[in-house]
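Printed here is structure-v8.cif (mmCIF, C-alpha atoms):
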```
data_input
#
loop_
_atom_site.group_PDB
_atom_site.id
_atom_site.type_symbol
_atom_site.label_atom_id
_atom_site.label_comp_id
_atom_site.auth_asym_id
_atom_site.auth_seq_id
_atom_site.Cartn_x
_atom_site.Cartn_y
_atom_site.Cartn_z
ATOM 1 C CA MET A 1 -13.655 -44.053 -14.931
ATOM 2 C CA THR A 2 -10.418 -42.612 -13.536
ATOM 3 C CA THR A 3 -10.258 -39.803 -11.005
ATOM 4 C CA THR A 4 -8.853 -37.449 -13.650
ATOM 5 C CA THR A 5 -11.674 -38.260 -16.059
ATOM 6 C CA THR A 6 -14.254 -37.784 -13.340
ATOM 7 C CA ALA A 7 -12.803 -34.414 -12.352
ATOM 8 C CA ALA A 8 -12.676 -33.320 -15.977
ATOM 9 C CA ALA A 9 -16.283 -34.346 -16.480
ATOM 10 C CA ARG A 10 -17.348 -32.475 -13.382
ATOM 11 C CA GLY A 11 -15.430 -29.362 -14.453
ATOM 12 C CA THR A 12 -17.099 -29.432 -17.874
ATOM 13 C CA ARG A 13 -20.551 -29.807 -16.361
ATOM 14 C CA ASP A 14 -19.980 -27.060 -13.779
ATOM 15 C CA THR A 15 -18.577 -24.470 -16.159
ATOM 16 C CA ALA A 16 -21.275 -25.212 -18.728
ATOM 17 C CA THR A 17 -23.930 -24.078 -16.268
ATOM 18 C CA SER A 18 -22.299 -20.723 -15.525
ATOM 19 C CA TRP A 19 -21.470 -18.215 -18.203
ATOM 20 C CA PHE A 20 -19.061 -16.493 -15.834
ATOM 21 C CA LEU A 21 -16.820 -19.580 -15.685
ATOM 22 C CA ARG A 22 -16.477 -20.640 -19.304
ATOM 23 C CA GLY A 23 -12.958 -21.203 -20.570
ATOM 24 C CA ASP A 24 -11.231 -20.782 -17.212
ATOM 25 C CA ALA A 25 -9.403 -24.083 -17.080
ATOM 26 C CA PRO A 26 -7.365 -24.977 -13.977
ATOM 27 C CA ARG A 27 -3.598 -24.797 -14.008
ATOM 28 C CA ALA A 28 -1.546 -27.855 -13.191
ATOM 29 C CA SER A 29 0.313 -27.278 -9.923
ATOM 30 C CA ARG A 30 2.335 -29.230 -7.408
ATOM 31 C CA PRO A 31 1.183 -30.370 -5.022
ATOM 32 C CA ALA A 32 -2.149 -30.654 -6.787
ATOM 33 C CA PRO A 33 -5.188 -29.846 -4.647
ATOM 34 C CA PRO A 34 -7.559 -32.712 -3.887
ATOM 35 C CA PRO A 35 -10.662 -32.596 -6.088
ATOM 36 C CA GLY A 36 -13.909 -31.157 -4.815
ATOM 37 C CA VAL A 37 -12.419 -28.595 -2.409
ATOM 38 C CA GLU A 38 -14.144 -25.224 -2.176
ATOM 39 C CA PHE A 39 -11.982 -22.099 -2.133
ATOM 40 C CA TYR A 40 -12.604 -21.128 1.484
ATOM 41 C CA ARG A 41 -11.603 -24.663 2.615
ATOM 42 C CA GLY A 42 -8.277 -24.573 0.819
ATOM 43 C CA LEU A 43 -6.321 -24.561 4.093
ATOM 44 C CA ALA A 44 -8.522 -27.018 6.007
ATOM 45 C CA GLY A 45 -7.013 -30.341 6.954
ATOM 46 C CA GLY A 46 -6.903 -33.003 9.594
ATOM 47 C CA LYS A 47 -5.594 -30.511 12.141
ATOM 48 C CA ARG A 48 -7.181 -27.135 12.883
ATOM 49 C CA ARG A 49 -3.795 -25.324 13.255
ATOM 50 C CA VAL A 50 -5.327 -22.420 15.180
ATOM 51 C CA ALA A 51 -1.990 -21.038 16.386
ATOM 52 C CA ARG A 52 -0.655 -21.022 12.849
ATOM 53 C CA GLY A 53 -3.767 -19.272 11.635
ATOM 54 C CA ILE A 54 -3.507 -16.602 14.325
ATOM 55 C CA LEU A 55 0.106 -16.029 13.300
ATOM 56 C CA ALA A 56 -0.999 -15.641 9.678
ATOM 57 C CA ILE A 57 -3.607 -13.014 10.620
ATOM 58 C CA VAL A 58 -1.096 -11.177 12.826
ATOM 59 C CA LEU A 59 1.358 -11.111 9.914
ATOM 60 C CA VAL A 60 -1.336 -9.735 7.610
ATOM 61 C CA ALA A 61 -2.067 -6.974 10.131
ATOM 62 C CA ALA A 62 1.657 -6.299 10.526
ATOM 63 C CA GLY A 63 1.986 -5.911 6.778
ATOM 64 C CA LEU A 64 -1.088 -3.698 6.619
ATOM 65 C CA ILE A 65 0.298 -1.344 9.273
ATOM 66 C CA GLY A 66 3.988 -1.683 8.450
ATOM 67 C CA PHE A 67 3.676 -1.007 4.726
ATOM 68 C CA ALA A 68 1.406 1.986 5.398
ATOM 69 C CA LEU A 69 3.717 3.580 7.969
ATOM 70 C CA GLY A 70 6.914 2.832 6.074
ATOM 71 C CA LEU A 71 5.679 4.160 2.748
ATOM 72 C CA ARG A 72 4.078 7.188 4.427
ATOM 73 C CA ASP A 73 7.415 8.125 5.992
ATOM 74 C CA LEU A 74 9.139 7.615 2.652
ATOM 75 C CA ALA A 75 6.552 9.800 0.919
ATOM 76 C CA ASP A 76 7.034 12.552 3.529
ATOM 77 C CA LEU A 77 10.797 12.367 3.007
ATOM 78 C CA ILE A 78 10.437 12.634 -0.775
ATOM 79 C CA ASP A 79 8.062 15.574 -0.443
ATOM 80 C CA ALA A 80 10.271 17.417 2.046
ATOM 81 C CA GLU A 81 13.716 16.725 0.613
ATOM 82 C CA LEU A 82 13.085 16.494 -3.119
ATOM 83 C CA LEU A 83 9.879 18.410 -3.818
ATOM 84 C CA GLY A 84 9.852 20.946 -1.010
ATOM 85 C CA ARG A 85 6.250 20.194 -0.104
ATOM 86 C CA GLU A 86 4.296 19.320 3.012
ATOM 87 C CA GLY A 87 0.807 18.100 3.810
ATOM 88 C CA TYR A 88 -1.114 15.494 1.856
ATOM 89 C CA THR A 89 0.243 15.306 -1.695
ATOM 90 C CA PRO A 90 -0.008 12.915 -4.653
ATOM 91 C CA VAL A 91 3.109 11.202 -3.284
ATOM 92 C CA ASN A 92 1.257 10.452 -0.024
ATOM 93 C CA TYR A 93 -1.748 9.271 -2.014
ATOM 94 C CA GLY A 94 0.373 6.940 -4.117
ATOM 95 C CA ALA A 95 2.132 5.596 -1.030
ATOM 96 C CA ALA A 96 -1.203 4.800 0.632
ATOM 97 C CA MET A 97 -2.463 2.930 -2.435
ATOM 98 C CA LEU A 98 0.818 1.058 -2.885
ATOM 99 C CA SER A 99 0.903 -0.016 0.757
ATOM 100 C CA LEU A 100 -2.365 -1.913 0.293
ATOM 101 C CA ALA A 101 -1.352 -3.275 -3.114
ATOM 102 C CA LEU A 102 1.662 -4.902 -1.442
ATOM 103 C CA LEU A 103 -0.745 -7.114 0.490
ATOM 104 C CA ILE A 104 -1.122 -9.229 -2.664
ATOM 105 C CA PRO A 105 2.412 -10.715 -2.639
ATOM 106 C CA TRP A 106 2.543 -10.484 1.156
ATOM 107 C CA THR A 107 -0.529 -12.675 1.740
ATOM 108 C CA MET A 108 0.569 -15.151 -0.921
ATOM 109 C CA ALA A 109 3.971 -15.449 0.741
ATOM 110 C CA ILE A 110 2.412 -15.915 4.196
ATOM 111 C CA GLU A 111 0.175 -18.708 2.943
ATOM 112 C CA ARG A 112 3.061 -20.387 1.142
ATOM 113 C CA VAL A 113 5.434 -20.291 4.109
ATOM 114 C CA LEU A 114 2.939 -21.224 6.847
ATOM 115 C CA TYR A 115 0.768 -23.710 4.961
ATOM 116 C CA GLY A 116 2.999 -24.944 2.141
ATOM 117 C CA VAL A 117 0.389 -24.468 -0.593
ATOM 118 C CA PRO A 118 1.295 -23.190 -4.080
ATOM 119 C CA LEU A 119 1.351 -19.405 -4.412
ATOM 120 C CA PRO A 120 -1.362 -19.326 -7.128
ATOM 121 C CA SER A 121 -3.832 -21.155 -4.867
ATOM 122 C CA LEU A 122 -4.774 -17.802 -3.339
ATOM 123 C CA HIS A 123 -6.145 -16.650 -6.714
ATOM 124 C CA SER A 124 -8.757 -19.366 -7.110
ATOM 125 C CA VAL A 125 -9.432 -23.094 -6.990
ATOM 126 C CA ALA A 126 -8.032 -23.217 -10.547
ATOM 127 C CA HIS A 127 -4.652 -22.059 -9.177
ATOM 128 C CA ARG A 128 -4.654 -19.147 -11.586
ATOM 129 C CA PHE A 129 -6.245 -15.726 -11.904
ATOM 130 C CA ARG A 130 -9.173 -16.355 -14.246
ATOM 131 C CA PHE A 131 -9.104 -13.336 -16.554
ATOM 132 C CA GLY A 132 -12.049 -14.705 -18.527
ATOM 133 C CA MET A 133 -14.261 -14.426 -15.464
ATOM 134 C CA LEU A 134 -12.862 -10.970 -14.744
ATOM 135 C CA GLY A 135 -13.702 -9.791 -18.260
ATOM 136 C CA ARG A 136 -17.241 -11.138 -18.163
ATOM 137 C CA GLY A 137 -17.771 -9.521 -14.785
ATOM 138 C CA LEU A 138 -16.588 -6.196 -16.176
ATOM 139 C CA LEU A 139 -18.974 -6.563 -19.101
ATOM 140 C CA VAL A 140 -22.095 -7.516 -17.136
ATOM 141 C CA LEU A 141 -21.735 -6.340 -13.540
ATOM 142 C CA ALA A 142 -19.376 -3.370 -13.646
ATOM 143 C CA PRO A 143 -21.667 -0.875 -15.455
ATOM 144 C CA VAL A 144 -24.481 -1.257 -12.920
ATOM 145 C CA TRP A 145 -22.058 -1.273 -10.016
ATOM 146 C CA ALA A 146 -20.251 1.843 -11.268
ATOM 147 C CA LEU A 147 -23.531 3.709 -11.713
ATOM 148 C CA THR A 148 -24.529 2.730 -8.188
ATOM 149 C CA ALA A 149 -21.257 4.108 -6.838
ATOM 150 C CA VAL A 150 -21.773 7.402 -8.651
ATOM 151 C CA LEU A 151 -25.368 7.870 -7.493
ATOM 152 C CA ALA A 152 -25.171 6.562 -3.948
ATOM 153 C CA LEU A 153 -21.701 7.526 -2.790
ATOM 154 C CA SER A 154 -21.777 11.064 -4.110
ATOM 155 C CA GLY A 155 -22.769 13.981 -1.944
ATOM 156 C CA PRO A 156 -21.665 17.405 -0.796
ATOM 157 C CA VAL A 157 -17.892 17.704 -1.099
ATOM 158 C CA GLU A 158 -15.308 20.216 -0.002
ATOM 159 C CA ARG A 159 -13.685 21.550 -3.158
ATOM 160 C CA ILE A 160 -10.099 22.736 -3.269
ATOM 161 C CA GLU A 161 -7.887 24.287 -5.923
ATOM 162 C CA TRP A 162 -5.422 21.919 -7.544
ATOM 163 C CA THR A 163 -2.547 22.546 -9.879
ATOM 164 C CA THR A 164 -2.627 20.806 -13.236
ATOM 165 C CA VAL A 165 0.384 18.712 -12.248
ATOM 166 C CA ASP A 166 -1.314 17.480 -9.073
ATOM 167 C CA LEU A 167 -4.546 16.730 -10.884
ATOM 168 C CA VAL A 168 -2.745 14.652 -13.518
ATOM 169 C CA ALA A 169 -0.729 12.888 -10.818
ATOM 170 C CA TYR A 170 -3.842 11.995 -8.834
ATOM 171 C CA LEU A 171 -5.514 10.751 -12.030
ATOM 172 C CA LEU A 172 -2.609 8.482 -12.993
ATOM 173 C CA ILE A 173 -2.280 7.084 -9.474
ATOM 174 C CA THR A 174 -6.013 6.390 -9.311
ATOM 175 C CA VAL A 175 -6.036 4.571 -12.637
ATOM 176 C CA LEU A 176 -2.844 2.593 -12.040
ATOM 177 C CA LEU A 177 -2.774 1.874 -8.304
ATOM 178 C CA VAL A 178 -6.314 2.025 -6.922
ATOM 179 C CA PRO A 179 -7.341 -1.264 -8.617
ATOM 180 C CA LEU A 180 -4.282 -2.886 -7.048
ATOM 181 C CA GLN A 181 -5.120 -1.308 -3.684
ATOM 182 C CA ALA A 182 -8.606 -2.824 -3.815
ATOM 183 C CA SER A 183 -7.131 -6.152 -4.899
ATOM 184 C CA GLY A 184 -4.776 -6.142 -1.917
ATOM 185 C CA GLU A 185 -7.723 -5.848 0.457
ATOM 186 C CA GLU A 186 -9.455 -8.741 -1.282
ATOM 187 C CA TYR A 187 -6.409 -10.993 -1.034
ATOM 188 C CA ALA A 188 -6.149 -10.157 2.660
ATOM 189 C CA TYR A 189 -9.813 -10.444 3.741
ATOM 190 C CA ARG A 190 -11.639 -12.619 1.191
ATOM 191 C CA GLY A 191 -8.457 -14.543 0.448
ATOM 192 C CA LEU A 192 -6.101 -15.461 3.260
ATOM 193 C CA MET A 193 -8.210 -14.467 6.287
ATOM 194 C CA LEU A 194 -11.344 -16.182 4.997
ATOM 195 C CA ARG A 195 -9.420 -19.380 4.286
ATOM 196 C CA VAL A 196 -7.592 -19.317 7.625
ATOM 197 C CA ILE A 197 -10.635 -18.645 9.817
ATOM 198 C CA SER A 198 -12.826 -21.100 7.905
ATOM 199 C CA SER A 199 -10.203 -23.831 8.325
ATOM 200 C CA TRP A 200 -10.649 -23.759 12.113
ATOM 201 C CA ALA A 201 -14.184 -25.150 11.940
ATOM 202 C CA ARG A 202 -14.694 -28.900 11.915
ATOM 203 C CA THR A 203 -17.511 -28.747 9.376
ATOM 204 C CA PRO A 204 -17.467 -26.830 6.067
ATOM 205 C CA ARG A 205 -20.727 -24.923 6.565
ATOM 206 C CA VAL A 206 -19.801 -23.730 10.046
ATOM 207 C CA GLY A 207 -16.463 -22.674 8.625
ATOM 208 C CA LEU A 208 -18.190 -20.729 5.863
ATOM 209 C CA VAL A 209 -20.539 -18.886 8.216
ATOM 210 C CA VAL A 210 -17.842 -18.051 10.748
ATOM 211 C CA GLY A 211 -15.364 -17.051 8.049
ATOM 212 C CA VAL A 212 -17.807 -14.752 6.267
ATOM 213 C CA VAL A 213 -19.061 -13.107 9.468
ATOM 214 C CA VAL A 214 -15.666 -12.556 11.099
ATOM 215 C CA THR A 215 -13.884 -11.288 7.983
ATOM 216 C CA SER A 216 -16.784 -8.972 7.122
ATOM 217 C CA VAL A 217 -16.773 -7.421 10.600
ATOM 218 C CA LEU A 218 -12.976 -7.040 10.539
ATOM 219 C CA PHE A 219 -13.195 -5.472 7.089
ATOM 220 C CA ALA A 220 -15.792 -2.970 8.309
ATOM 221 C CA LEU A 221 -13.845 -2.051 11.438
ATOM 222 C CA SER A 222 -10.611 -1.627 9.461
ATOM 223 C CA HIS A 223 -12.122 1.427 7.762
ATOM 224 C CA GLY A 224 -11.871 3.335 11.022
ATOM 225 C CA THR A 225 -15.456 4.372 11.615
ATOM 226 C CA LEU A 226 -18.196 3.344 14.020
ATOM 227 C CA ASP A 227 -20.937 5.233 12.208
ATOM 228 C CA PRO A 228 -23.867 2.766 11.926
ATOM 229 C CA TYR A 229 -24.546 3.530 8.250
ATOM 230 C CA PHE A 230 -20.915 3.067 7.262
ATOM 231 C CA LEU A 231 -20.632 -0.092 9.374
ATOM 232 C CA ALA A 232 -23.763 -1.529 7.748
ATOM 233 C CA TRP A 233 -22.440 -0.679 4.296
ATOM 234 C CA TYR A 234 -18.936 -2.072 4.810
ATOM 235 C CA THR A 235 -20.186 -5.216 6.543
ATOM 236 C CA THR A 236 -22.685 -5.892 3.760
ATOM 237 C CA LEU A 237 -20.038 -5.275 1.125
ATOM 238 C CA GLY A 238 -17.587 -7.595 2.863
ATOM 239 C CA ALA A 239 -20.148 -10.373 3.273
ATOM 240 C CA SER A 240 -21.313 -10.025 -0.325
ATOM 241 C CA LEU A 241 -17.779 -10.237 -1.708
ATOM 242 C CA ALA A 242 -17.042 -13.234 0.529
ATOM 243 C CA LEU A 243 -20.125 -15.102 -0.706
ATOM 244 C CA ILE A 244 -19.289 -14.263 -4.319
ATOM 245 C CA THR A 245 -15.767 -15.609 -3.729
ATOM 246 C CA TRP A 246 -17.231 -18.814 -2.318
ATOM 247 C CA ARG A 247 -19.686 -19.383 -5.165
ATOM 248 C CA THR A 248 -17.189 -18.623 -7.952
ATOM 249 C CA GLY A 249 -14.254 -20.410 -6.342
ATOM 250 C CA GLY A 250 -11.883 -17.453 -6.367
ATOM 251 C CA LEU A 251 -11.212 -13.769 -5.944
ATOM 252 C CA GLU A 252 -11.665 -12.473 -9.487
ATOM 253 C CA LEU A 253 -15.201 -11.042 -9.277
ATOM 254 C CA ALA A 254 -14.615 -9.717 -5.762
ATOM 255 C CA VAL A 255 -11.454 -7.966 -6.970
ATOM 256 C CA MET A 256 -13.299 -6.495 -9.938
ATOM 257 C CA LEU A 257 -16.224 -5.182 -7.888
ATOM 258 C CA HIS A 258 -14.001 -3.683 -5.211
ATOM 259 C CA ALA A 259 -11.681 -2.103 -7.786
ATOM 260 C CA VAL A 260 -14.563 -0.587 -9.755
ATOM 261 C CA LEU A 261 -16.134 0.805 -6.583
ATOM 262 C CA ASN A 262 -12.956 2.464 -5.332
ATOM 263 C CA SER A 263 -11.822 3.682 -8.745
ATOM 264 C CA VAL A 264 -15.175 5.232 -9.671
ATOM 265 C CA SER A 265 -15.539 6.865 -6.261
ATOM 266 C CA LEU A 266 -12.073 8.426 -6.383
ATOM 267 C CA LEU A 267 -12.327 9.427 -10.039
ATOM 268 C CA GLY A 268 -15.600 11.147 -9.162
ATOM 269 C CA ALA A 269 -13.804 13.009 -6.406
ATOM 270 C CA LEU A 270 -11.194 14.131 -8.928
ATOM 271 C CA VAL A 271 -13.853 15.394 -11.309
ATOM 272 C CA LEU A 272 -15.384 17.451 -8.490
ATOM 273 C CA HIS A 273 -11.968 18.683 -7.290
ATOM 274 C CA ALA A 274 -12.802 17.249 -3.890
ATOM 275 C CA ASP A 275 -10.318 17.242 -1.053
ATOM 276 C CA ILE A 276 -8.886 13.722 -1.387
ATOM 277 C CA ALA A 277 -7.026 13.980 1.921
ATOM 278 C CA THR A 278 -10.238 14.748 3.797
ATOM 279 C CA ALA A 279 -12.136 11.969 2.034
ATOM 280 C CA ILE A 280 -9.486 9.379 2.923
ATOM 281 C CA ASN A 281 -8.176 10.484 6.316
ATOM 282 C CA ASP A 282 -11.243 11.982 7.998
ATOM 283 C CA ARG A 283 -13.526 8.964 7.603
ATOM 284 C CA PRO A 284 -13.851 8.426 11.405
ATOM 285 C CA ASP A 285 -15.427 11.874 11.703
ATOM 286 C CA THR A 286 -17.711 11.518 8.678
ATOM 287 C CA ALA A 287 -21.388 10.857 9.319
ATOM 288 C CA GLY A 288 -23.046 8.300 7.089
ATOM 289 C CA THR A 289 -26.456 8.727 5.495
ATOM 290 C CA PRO A 290 -29.259 6.365 4.432
ATOM 291 C CA MET A 291 -27.904 6.739 0.876
ATOM 292 C CA LEU A 292 -25.271 4.158 1.820
ATOM 293 C CA LEU A 293 -28.019 1.557 1.980
ATOM 294 C CA ILE A 294 -28.411 1.831 -1.803
ATOM 295 C CA PRO A 295 -25.017 0.290 -2.709
ATOM 296 C CA ALA A 296 -25.523 -2.207 0.124
ATOM 297 C CA ALA A 297 -28.780 -3.346 -1.483
ATOM 298 C CA VAL A 298 -27.183 -3.511 -4.937
ATOM 299 C CA ALA A 299 -24.328 -5.599 -3.513
ATOM 300 C CA ILE A 300 -26.899 -8.074 -2.196
ATOM 301 C CA VAL A 301 -28.620 -8.205 -5.596
ATOM 302 C CA ILE A 302 -25.308 -8.818 -7.397
ATOM 303 C CA THR A 303 -24.520 -11.603 -4.929
ATOM 304 C CA ALA A 304 -27.907 -13.180 -5.656
ATOM 305 C CA VAL A 305 -27.248 -12.986 -9.414
ATOM 306 C CA VAL A 306 -23.858 -14.665 -9.066
ATOM 307 C CA TRP A 307 -25.364 -17.295 -6.766
ATOM 308 C CA ALA A 308 -28.054 -17.996 -9.352
ATOM 309 C CA THR A 309 -25.437 -18.667 -12.035
ATOM 310 C CA THR A 310 -24.016 -21.487 -9.912
ATOM 311 C CA ARG A 311 -27.344 -22.750 -8.581
ATOM 312 C CA ARG A 312 -27.319 -25.935 -10.680
ATOM 313 C CA SER A 313 -23.630 -26.743 -10.321
ATOM 314 C CA GLY A 314 -23.041 -25.524 -6.785
ATOM 315 C CA PRO A 315 -19.981 -23.586 -5.670
ATOM 316 C CA VAL A 316 -16.979 -24.021 -7.943
ATOM 317 C CA THR A 317 -14.465 -26.485 -6.497
ATOM 318 C CA SER A 318 -10.960 -27.670 -7.285
ATOM 319 C CA GLY A 319 -10.341 -30.471 -9.697
#
```
Turn the structure described in the file into structure tokens.
Amino acid sequence: MTTTTTAAARGTRDTATSWFLRGDAPRASRPAPPPGVEFYRGLAGGKRRVARGILAIVLVAAGLIGFALGLRDLADLIDAELLGREGYTPVNYGAAMLSLALLIPWTMAIERVLYGVPLPSLHSVAHRFRFGMLGRGLLVLAPVWALTAVLALSGPVERIEWTTVDLVAYLLITVLLVPLQASGEEYAYRGLMLRVISSWARTPRVGLVVGVVVTSVLFALSHGTLDPYFLAWYTTLGASLALITWRTGGLELAVMLHAVLNSVSLLGALVLHADIATAINDRPDTAGTPMLLIPAAVAIVITAVVWATTRRSGPVTSG
């Protein structure tokens, strides 16, 4: 049996055991990835390339900060010179969401330039974004996850008066850009950073553990709070999304879950006329509550469900 036939047979057997993965065939790419490689080991090789990996992470951080500051200044200029406004406005809100969305092409470009892998390899082991998996995740997991976000992340809010124009602007930005904002974080943390850090370990399992732990802690700290409840919630969310990415061989379900969480939370704030600026910018001064343990527990349950769907086949691999 040829290598191609063997890989095809393995792909048929693996996808047949997981409803989430049906119909998501790999895309031919050059250079083709070796068969049997798990997503988080996509950058592993004979050499550990630690210096290159550190450079990649520094460039991700530079993009994260640079895009945010640059677009914030541009938003302030537009508000002051064109709209005659000051303070936090829909333009600032859109700039903040767009700055994180730009991490998608930025991380793909970093990986391409520093590691020479095809751009689509950051989507999944299939070298494509598997919309079939995304749709099935939306159908099965999103309703429960959205309800969890509504029940657990809601609480007393500071209401403000908005104009109709601002309310519509916030709504459109939330619908159009927040899913991309969440996706940008996934491509940065569960995508490039997970693959880079995991590639430094000499054995796959050590690489997985170190990659999941380090990226989850960095993800939690990046939200700018040291409150123990928030740290527990963000670390659990990051670890859960990393494990889901590992088991499914790509970022699709992690992107979906993160996008649903952020979109539902912010749409709920719009419904309540909450102060968006306070919710986003005053997080370091916000005290968490035990209610945050509810979505953390649900994230663990969802991870267990996804793991169970690949229990017979194992994590999805290339080839």
Discussion item. I'd like the neighbourhood of Leu176 (chain A) as an MDAnalysis selection string, where a residue qualifies if any of its atoms comes within 12 Å (using all atoms listed in the file), though same-chain residues fewer than 4 positions away should be ignored.
Written reply: chainID A and resid 94 97:98 101 169:172 180:182 259 263 267
Discussion item. For a test of reading the model, state the distance in Å between CA of Val212 (chain A) and CA of Ser265 (chain A), rounded to one decimal.
Written reply: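 Calculated distance between CA of Val212 (chain A) and CA of Ser265 (chain A) is 25.1 Å.
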Once the PyMOL selection byres ((chain A and resi 185) around 9) is applied to the coordinates I shared, what remains selected? I want it as a PDB file with C-alpha atoms, in the frame of the given file.
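Okay, expr.pdb is ready:
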```pdb
ATOM      1  CA  LEU A 100      -2.365  -1.913   0.293  1.00  0.00           C
ATOM      2  CA  ALA A 101      -1.352  -3.275  -3.114  1.00  0.00           C
ATOM      3  CA  LEU A 103      -0.745  -7.114   0.490  1.00  0.00           C
ATOM      4  CA  ILE A 104      -1.122  -9.229  -2.664  1.00  0.00           C
ATOM      5  CA  LEU A 180      -4.282  -2.886  -7.048  1.00  0.00           C
ATOM      6  CA  GLN A 181      -5.120  -1.308  -3.684  1.00  0.00           C
ATOM      7  CA  ALA A 182      -8.606  -2.824  -3.815  1.00  0.00           C
ATOM      8  CA  SER A 183      -7.131  -6.152  -4.899  1.00  0.00           C
ATOM      9  CA  GLY A 184      -4.776  -6.142  -1.917  1.00  0.00           C
ATOM     10  CA  GLU A 186      -9.455  -8.741  -1.282  1.00  0.00           C
ATOM     11  CA  TYR A 187      -6.409 -10.993  -1.034  1.00  0.00           C
ATOM     12  CA  ALA A 188      -6.149 -10.157   2.660  1.00  0.00           C
ATOM     13  CA  TYR A 189      -9.813 -10.444   3.741  1.00  0.00           C
ATOM     14  CA  ARG A 190     -11.639 -12.619   1.191  1.00  0.00           C
ATOM     15  CA  GLY A 191      -8.457 -14.543   0.448  1.00  0.00           C
ATOM     16  CA  PHE A 219     -13.195  -5.472   7.089  1.00  0.00           C
ATOM     17  CA  VAL A 255     -11.454  -7.966  -6.970  1.00  0.00           C
ATOM     18  CA  HIS A 258     -14.001  -3.683  -5.211  1.00  0.00           C
TER      19      HIS A 258
END
```
Worksheet entry | Answer key for the PyMOL selection byres ((chain A and resi 162) around 12), residues as a PyMOL selection string | chain A and resi 89-90+159-161+163-170+270-276
Item to complete: Might you spell out which residues the PyMOL selection byres ((chain A and resi 194) around 10) would select in the displayed file, as a ChimeraX atom specification?
Response: /A:39-43,186-193,195-199,207-208,210-216,242,245-246
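Using only C-alpha atoms, the shortest contact distance between Val150 (chain A) and any of A:Leu114, A:Ala269, A:Ala277, A:Ala80 is found at A:Ala269.
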Fill in: Nearest to Val113 (chain A) by atom-to-atom distance, counting only C-alpha atoms, from A:Gly288, A:Pro143, A:Gly53, A:Gly238
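Among the listed residues, A:Gly53 lies closest to Val113 (chain A).
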Fill in: Atom pair CA of Ala254 (chain A) / CA of Thr303 (chain A): separation (Å)
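Distance reported for this atom pair: 10.1 Å.
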Worksheet entry | For CA of Leu64 (chain A) and CA of Glu81 (chain A), the interatomic separation in Å (one decimal) |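 Those two atoms sit 25.9 Å apart.
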So which residues touch Val305 (chain A) within 10 Å, counting only C-alpha atoms, skipping near sequence neighbours fewer than 6 positions away, as a JSON list (two decimals) with C-alpha atoms, keeping the file's coordinate frame?
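Final output, saved to selection.json:
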```json
[["chain", "number", "residue", "atom", "x", "y", "z"],
["A", 141, "LEU", "CA", -21.74, -6.34, -13.54],
["A", 244, "ILE", "CA", -19.29, -14.26, -4.32],
["A", 299, "ALA", "CA", -24.33, -5.60, -3.51],
["A", 311, "ARG", "CA", -27.34, -22.75, -8.58]]
```
Worksheet item: Of the residues A:Trp307, A:Phe129, A:Trp145, A:Tyr229, which is the one nearest to Val264 (chain A), using only C-alpha atoms?
Response: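 Answer, going by the shortest atom-to-atom distance: A:Trp145.
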Worksheet item: So which one's closest to Thr317 (chain A), A:Leu82, A:Val60, A:Ala126, A:Ala51? Using all atoms listed in the file, please.
Response: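 Residue with the minimum atom-to-atom distance to Thr317 (chain A): A:Ala126.
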